[in-house]
Amino acid sequence: MGSLLAVSDLHVAHPDNRAIVEAMKPTADDDWLIVAGDVGELLEDVERTLALLADRFHTVVWTPGNHELWTHPRDPVTLRGEARYRRLVETCRALGVHTPEDPYPVWRHPDGRPVTVAPLFTLYDYTWRPAGAETKEQSLAVAKAAGIVCTDEHVLHPDPWESREAWCAERIRYTEQRLQHLELTDDQTLVLVNHYPLVRDPTSVLWHPEFAQWCGTERTADWHVRHPVELMVYGHLHIPRTTHHDGVRFEEVSVGYPREWRKRTEQGPWPRQVLPKAD
């Protein structure tokens, strides 16, 4: 079995990021690739990018970011909310790409140990609030006063749910049920893949802490310890790094916007090898 590689936040609307995607190639014929959301805003761009990657890598596993779920004014596909997500799932299935709605695929370590790769889609529910905010309304007001308003507020529609937090609650219910009913062998572990980190700690380094409310939910805080998780892969924050929480390794694997990755001392590698753990 080849390596398990991962990347997120490709944002292919930017030509320099499309060039990064064009350069992505496996190191072996049986390499797997995790794509942890934010490929792009236009469905056509998402499809084109995932088609290219699915053609190059043995297996591709995708979970949506917030940008894929936007109903962007430039996108001829005007589907909103759940309907847009289901169209993305159909697109992935046609390409042979695994989604959060499919049976979780099993990757194997070089020694043969099985690892179930579980793409999740959980959204957020405004529970990662700034200090002093006790409600969603207060949290949004603090962010607005700081000049921070996520574009999701305008173009990520929760239809048919009444709110994004209601959609999040449904996704949590569905995902918890799937994880609880997994049948794993004694030596089998999990790689949990989500666009958002499952714990709040990684958001502590954000330039604008008010943005954390659009980055996850308190309801996933113990998933990495409730289940036999070997690794958690996420993106969204555009701060690629490795952290550990309760002894579990978390990998943020985003590319981010050109203005961000150009400032980094080390650019890439994209995608990053996450298993076996690189030295």
# chains A, B, ... in the order shown; residues from 1 in each chain; ligands from 1

call {"tool": "closest_atom_pairs", "arguments": {"of": "region 2-110 of chain A", "to": "region 169-180 of chain A", "cutoff": "12 Å", "atoms": "only C-alpha atoms", "output": "tab-separated table"}}
result
residue	atom	partner	partner_atom	distance
A:Glu82	CA	A:Arg171	CA	10.7
A:Tyr85	CA	A:Arg171	CA	12.0
A:Pro100	CA	A:Thr175	CA	8.6
A:Glu101	CA	A:Thr175	CA	9.5
A:Asp102	CA	A:Arg178	CA	10.6
A:Pro103	CA	A:Arg178	CA	9.6
A:Tyr104	CA	A:Arg178	CA	9.7

call {"tool": "closest_atom_pairs", "arguments": {"of": "region 92-147 of chain A", "to": "region 39-46 of chain A", "cutoff": "12 Å", "atoms": "only C-alpha atoms", "output": "JSON lines"}}
result
{"residue": "A:Cys92", "atom": "CA", "partner": "A:Val46", "partner_atom": "CA", "distance": 9.3}
{"residue": "A:Leu95", "atom": "CA", "partner": "A:Val46", "partner_atom": "CA", "distance": 11.4}
{"residue": "A:Val97", "atom": "CA", "partner": "A:Val46", "partner_atom": "CA", "distance": 11.9}

call {"tool": "closest_atom_pairs", "arguments": {"of": "region 150-222 of chain A", "to": "region 127-134 of chain A", "cutoff": "6 Å", "atoms": "only C-alpha atoms", "output": "CSV"}}
result
residue,atom,partner,partner_atom,distance
A:Glu210,CA,A:Pro130,CA,5.6
A:Ala212,CA,A:Trp128,CA,5.8
A:Gln213,CA,A:Trp128,CA,4.6
A:Thr217,CA,A:Thr127,CA,5.7

call {"tool": "closest_atom_pairs", "arguments": {"of": "region 141-217 of chain A", "to": "region 108-115 of chain A", "cutoff": "10 Å", "atoms": "only C-alpha atoms", "output": "Markdown table"}}
result
| residue | atom | partner | partner_atom | distance |
| --- | --- | --- | --- | --- |
| A:Leu184 | CA | A:Pro114 | CA | 9.0 |
| A:Thr185 | CA | A:Pro114 | CA | 8.4 |
| A:Asp186 | CA | A:Pro114 | CA | 9.9 |
| A:Asp187 | CA | A:Arg113 | CA | 6.7 |
| A:Gln188 | CA | A:Pro114 | CA | 5.1 |
| A:Thr189 | CA | A:Val115 | CA | 4.9 |
| A:Leu190 | CA | A:Val115 | CA | 5.4 |
| A:Val191 | CA | A:Val115 | CA | 6.8 |

call {"tool": "write_last_selection", "arguments": {"atoms": "all heavy atoms", "output": "PDB file, in the first residue's frame"}}
result
ATOM      1  N   LEU A 184     -15.061  -2.326  13.728  1.00  0.00           N
ATOM      2  CA  LEU A 184     -13.619  -2.276  13.561  1.00  0.00           C
ATOM      3  C   LEU A 184     -12.969  -3.469  14.239  1.00  0.00           C
ATOM      4  O   LEU A 184     -13.439  -3.940  15.283  1.00  0.00           O
ATOM      5  CB  LEU A 184     -13.050  -0.979  14.170  1.00  0.00           C
ATOM      6  CG  LEU A 184     -13.652   0.342  13.668  1.00  0.00           C
ATOM      7  CD1 LEU A 184     -13.049   1.505  14.447  1.00  0.00           C
ATOM      8  CD2 LEU A 184     -13.420   0.517  12.178  1.00  0.00           C
ATOM      9  N   THR A 185     -11.892  -3.949  13.665  1.00  0.00           N
ATOM     10  CA  THR A 185     -11.120  -5.004  14.309  1.00  0.00           C
ATOM     11  C   THR A 185     -10.292  -4.403  15.446  1.00  0.00           C
ATOM     12  O   THR A 185     -10.170  -3.173  15.565  1.00  0.00           O
ATOM     13  CB  THR A 185     -10.189  -5.685  13.295  1.00  0.00           C
ATOM     14  OG1 THR A 185      -9.282  -4.708  12.761  1.00  0.00           O
ATOM     15  CG2 THR A 185     -10.992  -6.288  12.149  1.00  0.00           C
ATOM     16  N   ASP A 186      -9.728  -5.254  16.286  1.00  0.00           N
ATOM     17  CA  ASP A 186      -8.992  -4.780  17.456  1.00  0.00           C
ATOM     18  C   ASP A 186      -7.806  -3.898  17.080  1.00  0.00           C
ATOM     19  O   ASP A 186      -7.433  -2.993  17.840  1.00  0.00           O
ATOM     20  CB  ASP A 186      -8.501  -5.967  18.295  1.00  0.00           C
ATOM     21  CG  ASP A 186      -9.649  -6.707  18.979  1.00  0.00           C
ATOM     22  OD1 ASP A 186     -10.738  -6.103  19.098  1.00  0.00           O
ATOM     23  OD2 ASP A 186      -9.456  -7.864  19.382  1.00  0.00           O
ATOM     24  N   ASP A 187      -7.209  -4.153  15.918  1.00  0.00           N
ATOM     25  CA  ASP A 187      -6.033  -3.379  15.519  1.00  0.00           C
ATOM     26  C   ASP A 187      -6.362  -2.277  14.517  1.00  0.00           C
ATOM     27  O   ASP A 187      -5.465  -1.627  13.981  1.00  0.00           O
ATOM     28  CB  ASP A 187      -4.959  -4.300  14.928  1.00  0.00           C
ATOM     29  CG  ASP A 187      -5.422  -4.992  13.640  1.00  0.00           C
ATOM     30  OD1 ASP A 187      -6.648  -5.032  13.397  1.00  0.00           O
ATOM     31  OD2 ASP A 187      -4.553  -5.489  12.900  1.00  0.00           O
ATOM     32  N   GLN A 188      -7.654  -2.034  14.295  1.00  0.00           N
ATOM     33  CA  GLN A 188      -8.062  -1.056  13.289  1.00  0.00           C
ATOM     34  C   GLN A 188      -8.226   0.330  13.913  1.00  0.00           C
ATOM     35  O   GLN A 188      -8.812   0.480  14.985  1.00  0.00           O
ATOM     36  CB  GLN A 188      -9.378  -1.489  12.640  1.00  0.00           C
ATOM     37  CG  GLN A 188      -9.726  -0.725  11.377  1.00  0.00           C
ATOM     38  CD  GLN A 188     -10.786  -1.455  10.558  1.00  0.00           C
ATOM     39  OE1 GLN A 188     -11.238  -2.535  10.939  1.00  0.00           O
ATOM     40  NE2 GLN A 188     -11.172  -0.894   9.433  1.00  0.00           N
ATOM     41  N   THR A 189      -7.702   1.355  13.229  1.00  0.00           N
ATOM     42  CA  THR A 189      -7.797   2.721  13.709  1.00  0.00           C
ATOM     43  C   THR A 189      -8.576   3.574  12.709  1.00  0.00           C
ATOM     44  O   THR A 189      -8.949   3.103  11.638  1.00  0.00           O
ATOM     45  CB  THR A 189      -6.402   3.330  13.935  1.00  0.00           C
ATOM     46  OG1 THR A 189      -5.663   3.262  12.707  1.00  0.00           O
ATOM     47  CG2 THR A 189      -5.655   2.588  15.032  1.00  0.00           C
ATOM     48  N   LEU A 190      -8.786   4.830  13.079  1.00  0.00           N
ATOM     49  CA  LEU A 190      -9.542   5.759  12.247  1.00  0.00           C
ATOM     50  C   LEU A 190      -8.694   6.968  11.878  1.00  0.00           C
ATOM     51  O   LEU A 190      -7.897   7.459  12.685  1.00  0.00           O
ATOM     52  CB  LEU A 190     -10.769   6.273  13.000  1.00  0.00           C
ATOM     53  CG  LEU A 190     -11.989   5.359  13.147  1.00  0.00           C
ATOM     54  CD1 LEU A 190     -12.973   5.979  14.125  1.00  0.00           C
ATOM     55  CD2 LEU A 190     -12.660   5.131  11.804  1.00  0.00           C
ATOM     56  N   VAL A 191      -8.880   7.448  10.660  1.00  0.00           N
ATOM     57  CA  VAL A 191      -8.453   8.781  10.270  1.00  0.00           C
ATOM     58  C   VAL A 191      -9.730   9.582  10.056  1.00  0.00           C
ATOM     59  O   VAL A 191     -10.522   9.256   9.174  1.00  0.00           O
ATOM     60  CB  VAL A 191      -7.600   8.778   8.990  1.00  0.00           C
ATOM     61  CG1 VAL A 191      -7.358  10.216   8.506  1.00  0.00           C
ATOM     62  CG2 VAL A 191      -6.271   8.087   9.231  1.00  0.00           C
TER      63      VAL A 191
END

call {"tool": "closest_residue", "arguments": {"among": "A:Ala118, A:Val12, A:Leu79, A:Val233", "to": "Val106 (chain A)", "atoms": "only C-alpha atoms"}}
result
A:Ala118

call {"tool": "residues_around", "arguments": {"residues": "region 199-208 of chain A", "least_positions_apart": "5", "cutoff": "8 Å", "atoms": "only C-alpha atoms", "output": "list of chain:residue names"}}
result
A:Trp128, A:Ile148, A:Cys215, A:Gly216, A:Thr217, A:Glu218, A:Thr220, A:Ala221, A:Asp222, A:Leu237, A:Thr243

call {"tool": "write_last_selection", "arguments": {"atoms": "N, CA, C and O atoms", "output": "tab-separated table (two decimals), in the first residue's frame"}}
result
chain	number	residue	atom	x	y	z
A	128	TRP	N	-18.26	28.32	19.33
A	128	TRP	CA	-16.90	28.77	19.62
A	128	TRP	C	-16.89	30.30	19.63
A	128	TRP	O	-16.41	30.95	18.72
A	148	ILE	N	-15.14	41.76	11.41
A	148	ILE	CA	-15.01	40.38	10.95
A	148	ILE	C	-16.41	39.81	10.70
A	148	ILE	O	-17.18	39.60	11.64
A	215	CYS	N	-15.78	28.16	12.66
A	215	CYS	CA	-14.73	27.15	12.47
A	215	CYS	C	-15.04	25.79	13.09
A	215	CYS	O	-14.21	24.87	12.98
A	216	GLY	N	-16.17	25.61	13.74
A	216	GLY	CA	-16.44	24.31	14.32
A	216	GLY	C	-17.54	24.35	15.35
A	216	GLY	O	-18.31	25.30	15.46
A	217	THR	N	-17.60	23.30	16.16
A	217	THR	CA	-18.66	23.15	17.14
A	217	THR	C	-18.14	22.41	18.38
A	217	THR	O	-17.32	21.49	18.27
A	218	GLU	N	-18.66	22.79	19.54
A	218	GLU	CA	-18.28	22.12	20.78
A	218	GLU	C	-18.70	20.65	20.79
A	218	GLU	O	-18.14	19.84	21.53
A	220	THR	N	-18.18	18.29	18.79
A	220	THR	CA	-17.21	17.30	18.28
A	220	THR	C	-15.95	17.23	19.15
A	220	THR	O	-15.00	16.55	18.80
A	221	ALA	N	-15.95	17.91	20.29
A	221	ALA	CA	-14.72	18.09	21.07
A	221	ALA	C	-14.11	16.79	21.58
A	221	ALA	O	-12.90	16.72	21.83
A	222	ASP	N	-14.92	15.74	21.74
A	222	ASP	CA	-14.38	14.49	22.28
A	222	ASP	C	-14.36	13.35	21.27
A	222	ASP	O	-14.08	12.20	21.62
A	237	LEU	N	-8.43	26.80	8.38
A	237	LEU	CA	-7.75	27.89	9.08
A	237	LEU	C	-6.63	28.53	8.27
A	237	LEU	O	-6.17	29.62	8.60
A	243	THR	N	-0.39	19.51	15.34
A	243	THR	CA	-0.60	19.67	16.77
A	243	THR	C	-1.05	18.33	17.35
A	243	THR	O	-1.40	17.40	16.61

call {"tool": "residues_around", "arguments": {"residues": "Val253 (chain A)", "least_positions_apart": "2", "cutoff": "10 Å", "atoms": "only C-alpha atoms", "output": "ChimeraX atom specification"}}
result
/A:5-9,34-36,195,233-242,250-251,255-256,268-274

call {"tool": "residues_around", "arguments": {"residues": "Met24 (chain A)", "least_positions_apart": "3", "cutoff": "9 Å", "atoms": "only C-alpha atoms", "output": "short mmCIF file (atom, residue, chain, number, x, y, z; two decimals) with N, CA and C atoms, in the first residue's frame"}}
result
data_model
loop_
_atom_site.label_atom_id
_atom_site.label_comp_id
_atom_site.auth_asym_id
_atom_site.auth_seq_id
_atom_site.Cartn_x
_atom_site.Cartn_y
_atom_site.Cartn_z
N ALA A 19 -2.05 26.22 -10.57
CA ALA A 19 -0.73 25.69 -10.96
C ALA A 19 -0.23 24.69 -9.93
N ILE A 20 -0.51 24.95 -8.65
CA ILE A 20 -0.12 24.01 -7.60
C ILE A 20 -0.83 22.67 -7.80
N VAL A 21 -2.12 22.73 -8.09
CA VAL A 21 -2.88 21.50 -8.32
C VAL A 21 -2.35 20.75 -9.54
N LEU A 53 -7.45 15.05 -10.08
CA LEU A 53 -6.81 14.34 -8.97
C LEU A 53 -7.21 12.87 -8.95
N ARG A 56 -5.14 10.83 -11.22
CA ARG A 56 -3.72 10.67 -10.86
C ARG A 56 -3.49 9.77 -9.65
N TRP A 270 2.88 19.99 -1.20
CA TRP A 270 1.47 19.76 -1.46
C TRP A 270 1.33 18.62 -2.46
N PRO A 271 0.60 17.60 -2.13
CA PRO A 271 -0.02 17.33 -0.83
C PRO A 271 1.01 16.86 0.19
#

call {"tool": "closest_residue", "arguments": {"among": "A:Pro26, A:Gly81, A:Pro197, A:Pro105", "to": "Glu162 (chain A)", "atoms": "only C-alpha atoms"}}
result
A:Gly81

call {"tool": "select_by_dssp", "arguments": {"residues": "region 63-242 of chain A", "states": "strand (DSSP E)", "output": "number ranges by chain"}}
result
A: 106-108, 114-119, 189-193, 229-234, 241-242

call {"tool": "closest_residue", "arguments": {"among": "A:Thr78, A:Thr63, A:Ser139, A:Asn194", "to": "Met232 (chain A)", "atoms": "only C-alpha atoms"}}
result
A:Asn194
